[in-house]
Amino acid sequence: MIKLVYCVRRKAEIGADEFFRYWLEEHGPLVKSVAQVLNARRYVQSHSTEAKVNAGLSQGRGLGEPFDGITEVWWDSVDELIAGSTSPGGQAASKRLQEDESHFIDFADSRLFLTEEHAIFDFTE
(Lines give C-alpha, C1' and ligand atoms only; values in the text may rest on other atoms or scores of the structure.)
Protein backbone atom coordinates (compact mmCIF):
# COMPACT_ATOMS: atom_id res chain seq x y z
CA MET A 1 0.00 0.00 0.00
CA ILE A 2 1.05 3.55 -0.75
CA LYS A 3 -0.43 6.56 1.02
CA LEU A 4 -0.65 10.21 0.08
CA VAL A 5 -0.47 12.50 3.10
CA TYR A 6 -1.77 16.03 2.51
CA CYS A 7 -1.11 18.48 5.37
CA VAL A 8 -3.59 21.30 4.86
CA ARG A 9 -4.02 24.84 6.06
CA ARG A 10 -7.19 26.77 5.48
CA LYS A 11 -7.32 30.03 3.62
CA ALA A 12 -6.93 32.96 6.01
CA GLU A 13 -10.32 34.44 5.10
CA ILE A 14 -12.20 31.25 6.04
CA GLY A 15 -13.15 30.65 9.66
CA ALA A 16 -12.20 27.34 11.24
CA ASP A 17 -15.79 26.13 11.71
CA GLU A 18 -16.68 26.80 8.07
CA PHE A 19 -13.42 25.25 6.87
CA PHE A 20 -14.00 22.01 8.76
CA ARG A 21 -17.70 21.89 7.76
CA TYR A 22 -16.92 22.39 4.07
CA TRP A 23 -14.03 19.94 4.07
CA LEU A 24 -16.14 17.22 5.72
CA GLU A 25 -19.61 17.82 4.26
CA GLU A 26 -18.82 19.11 0.77
CA HIS A 27 -15.31 18.06 -0.24
CA GLY A 28 -15.39 14.62 1.40
CA PRO A 29 -18.40 13.42 -0.61
CA LEU A 30 -16.81 14.85 -3.78
CA VAL A 31 -13.67 12.79 -3.15
CA LYS A 32 -15.80 9.70 -2.53
CA SER A 33 -17.65 10.25 -5.81
CA VAL A 34 -14.41 10.11 -7.85
CA ALA A 35 -12.49 7.56 -5.76
CA GLN A 36 -13.15 4.62 -8.04
CA VAL A 37 -11.93 6.35 -11.20
CA LEU A 38 -8.77 7.39 -9.30
CA ASN A 39 -8.24 3.81 -8.02
CA ALA A 40 -8.21 5.14 -4.45
CA ARG A 41 -8.80 2.50 -1.77
CA ARG A 42 -9.31 4.61 1.35
CA TYR A 43 -9.74 8.28 2.26
CA VAL A 44 -9.50 9.77 5.75
CA GLN A 45 -9.67 13.36 6.98
CA SER A 46 -8.07 14.22 10.33
CA HIS A 47 -9.21 17.61 11.63
CA SER A 48 -7.05 19.40 14.19
CA THR A 49 -8.45 19.87 17.68
CA GLU A 50 -7.28 21.23 21.00
CA ALA A 51 -5.59 24.38 19.71
CA LYS A 52 -3.95 25.18 23.07
CA VAL A 53 -2.51 21.69 23.42
CA ASN A 54 -1.30 21.73 19.79
CA ALA A 55 0.39 25.09 20.34
CA GLY A 56 2.10 23.81 23.49
CA LEU A 57 3.34 20.64 21.79
CA SER A 58 4.69 22.65 18.85
CA GLN A 59 6.34 25.33 20.98
CA GLY A 60 7.98 22.73 23.20
CA ARG A 61 9.78 21.35 20.16
CA GLY A 62 10.43 24.66 18.43
CA LEU A 63 8.11 23.76 15.55
CA GLY A 64 6.11 26.05 13.30
CA GLU A 65 2.36 26.55 13.24
CA PRO A 66 0.33 23.32 13.29
CA PHE A 67 -1.62 22.39 10.18
CA ASP A 68 -5.42 22.53 10.27
CA GLY A 69 -5.53 18.84 9.48
CA ILE A 70 -4.41 16.09 7.18
CA THR A 71 -5.94 14.06 4.41
CA GLU A 72 -4.76 10.51 3.80
CA VAL A 73 -5.51 8.60 0.59
CA TRP A 74 -4.43 4.99 0.03
CA TRP A 75 -3.70 3.08 -3.20
CA ASP A 76 -2.58 -0.52 -3.68
CA SER A 77 0.61 0.69 -5.38
CA VAL A 78 2.25 3.67 -7.05
CA ASP A 79 1.30 2.08 -10.37
CA GLU A 80 -2.39 2.13 -9.35
CA LEU A 81 -2.10 5.79 -8.30
CA ILE A 82 -0.47 6.71 -11.62
CA ALA A 83 -2.96 4.67 -13.68
CA GLY A 84 -5.89 6.29 -11.90
CA SER A 85 -4.60 9.84 -12.09
CA THR A 86 -3.41 9.70 -15.72
CA SER A 87 -6.52 8.16 -17.28
CA PRO A 88 -8.86 10.67 -18.96
CA GLY A 89 -11.42 10.18 -16.18
CA GLY A 90 -8.74 10.45 -13.53
CA GLN A 91 -7.38 13.66 -15.00
CA ALA A 92 -10.88 15.17 -15.02
CA ALA A 93 -11.44 14.01 -11.41
CA SER A 94 -8.09 15.41 -10.26
CA LYS A 95 -8.86 18.75 -11.90
CA ARG A 96 -12.29 18.83 -10.24
CA LEU A 97 -10.79 18.07 -6.81
CA GLN A 98 -8.08 20.71 -7.18
CA GLU A 99 -10.63 23.33 -8.26
CA ASP A 100 -12.75 22.54 -5.21
CA GLU A 101 -9.72 22.60 -2.88
CA SER A 102 -8.79 26.05 -4.19
CA HIS A 103 -11.91 27.42 -2.46
CA PHE A 104 -10.83 26.48 1.07
CA ILE A 105 -7.17 25.29 1.15
CA ASP A 106 -4.15 27.61 1.19
CA PHE A 107 -2.02 25.73 -1.34
CA ALA A 108 1.12 27.79 -0.69
CA ASP A 109 1.05 26.90 3.01
CA SER A 110 0.04 23.23 2.65
CA ARG A 111 2.19 20.18 1.88
CA LEU A 112 1.69 16.72 0.39
CA PHE A 113 3.87 13.67 -0.06
CA LEU A 114 3.68 9.91 -0.62
CA THR A 115 4.47 7.49 2.18
CA GLU A 116 4.77 3.81 2.89
CA GLU A 117 3.67 2.82 6.38
CA HIS A 118 5.90 0.85 8.75
CA ALA A 119 3.79 -0.13 11.76
CA ILE A 120 5.86 -0.27 14.94
CA PHE A 121 2.98 -1.18 17.26
CA ASP A 122 -0.81 -1.26 17.25
CA PHE A 123 -2.37 -1.87 20.64
CA THR A 124 -5.89 -1.43 19.20
CA GLU A 125 -5.91 -4.86 17.55
# chains A, B, ... in the order shown; residues from 1 in each chain; ligands from 1
call {"tool": "residues_around", "arguments": {"residues": "Ile82 (chain A)", "least_positions_apart": "5", "cutoff": "12 Å", "atoms": "only C-alpha atoms", "output": "PyMOL selection string"}}
result
chain A and resi 2+37-40+75-77+87-88+90-91+94
call {"tool": "residues_around", "arguments": {"residues": "His27 (chain A)", "least_positions_apart": "6", "cutoff": "10 Å", "atoms": "only C-alpha atoms", "output": "PyMOL selection string"}}
result
chain A and resi 20-21+33+97+100-101+104
call {"tool": "atom_distance", "arguments": {"atom1": "CA of Leu63 (chain A)", "atom2": "CA of Thr49 (chain A)"}}
result
17.1 Å
call {"tool": "residues_around", "arguments": {"residues": "Pro66 (chain A)", "least_positions_apart": "6", "cutoff": "10 Å", "atoms": "only C-alpha atoms", "output": "list of chain:residue names"}}
result
A:Cys7, A:Val8, A:Arg9, A:Ser48, A:Ala51, A:Asn54, A:Ala55, A:Leu57, A:Ser58, A:Gln59
call {"tool": "atom_distance", "arguments": {"atom1": "CA of Val34 (chain A)", "atom2": "CA of Ala108 (chain A)"}}
result
24.6 Å
call {"tool": "residues_around", "arguments": {"residues": "Tyr22 (chain A)", "least_positions_apart": "2", "cutoff": "12 Å", "atoms": "only C-alpha atoms", "output": "PyMOL selection string"}}
result
chain A and resi 10+14-20+24-30+45+47+100-101+103-105
call {"tool": "select_by_dssp", "arguments": {"residues": "region 11-125 of chain A", "states": "helix (DSSP H, G or I)", "output": "number ranges by chain"}}
result
A: 16-34, 51-61, 78-86, 88-101, 107-109
call {"tool": "closest_residue", "arguments": {"among": "A:Lys11, A:Lys52, A:His118, A:Lys3", "to": "Thr71 (chain A)", "atoms": "only C-alpha atoms"}}
result
A:Lys3
call {"tool": "closest_residue", "arguments": {"among": "A:Glu13, A:Asp109, A:Glu80, A:Asp68", "to": "Arg41 (chain A)", "atoms": "only C-alpha atoms"}}
result
A:Glu80
call {"tool": "atom_distance", "arguments": {"atom1": "CA of Arg42 (chain A)", "atom2": "CA of Gly64 (chain A)"}}
result
29.0 Å
call {"tool": "closest_residue", "arguments": {"among": "A:Glu117, A:Gly62, A:Glu125, A:Ala35", "to": "Ser85 (chain A)", "atoms": "only C-alpha atoms"}}
result
A:Ala35
call {"tool": "select_by_dssp", "arguments": {"residues": "region 16-120 of chain A", "states": "strand (DSSP E or B)", "output": "ChimeraX atom specification"}}
result
/A:42-47,69-75,105,111-115
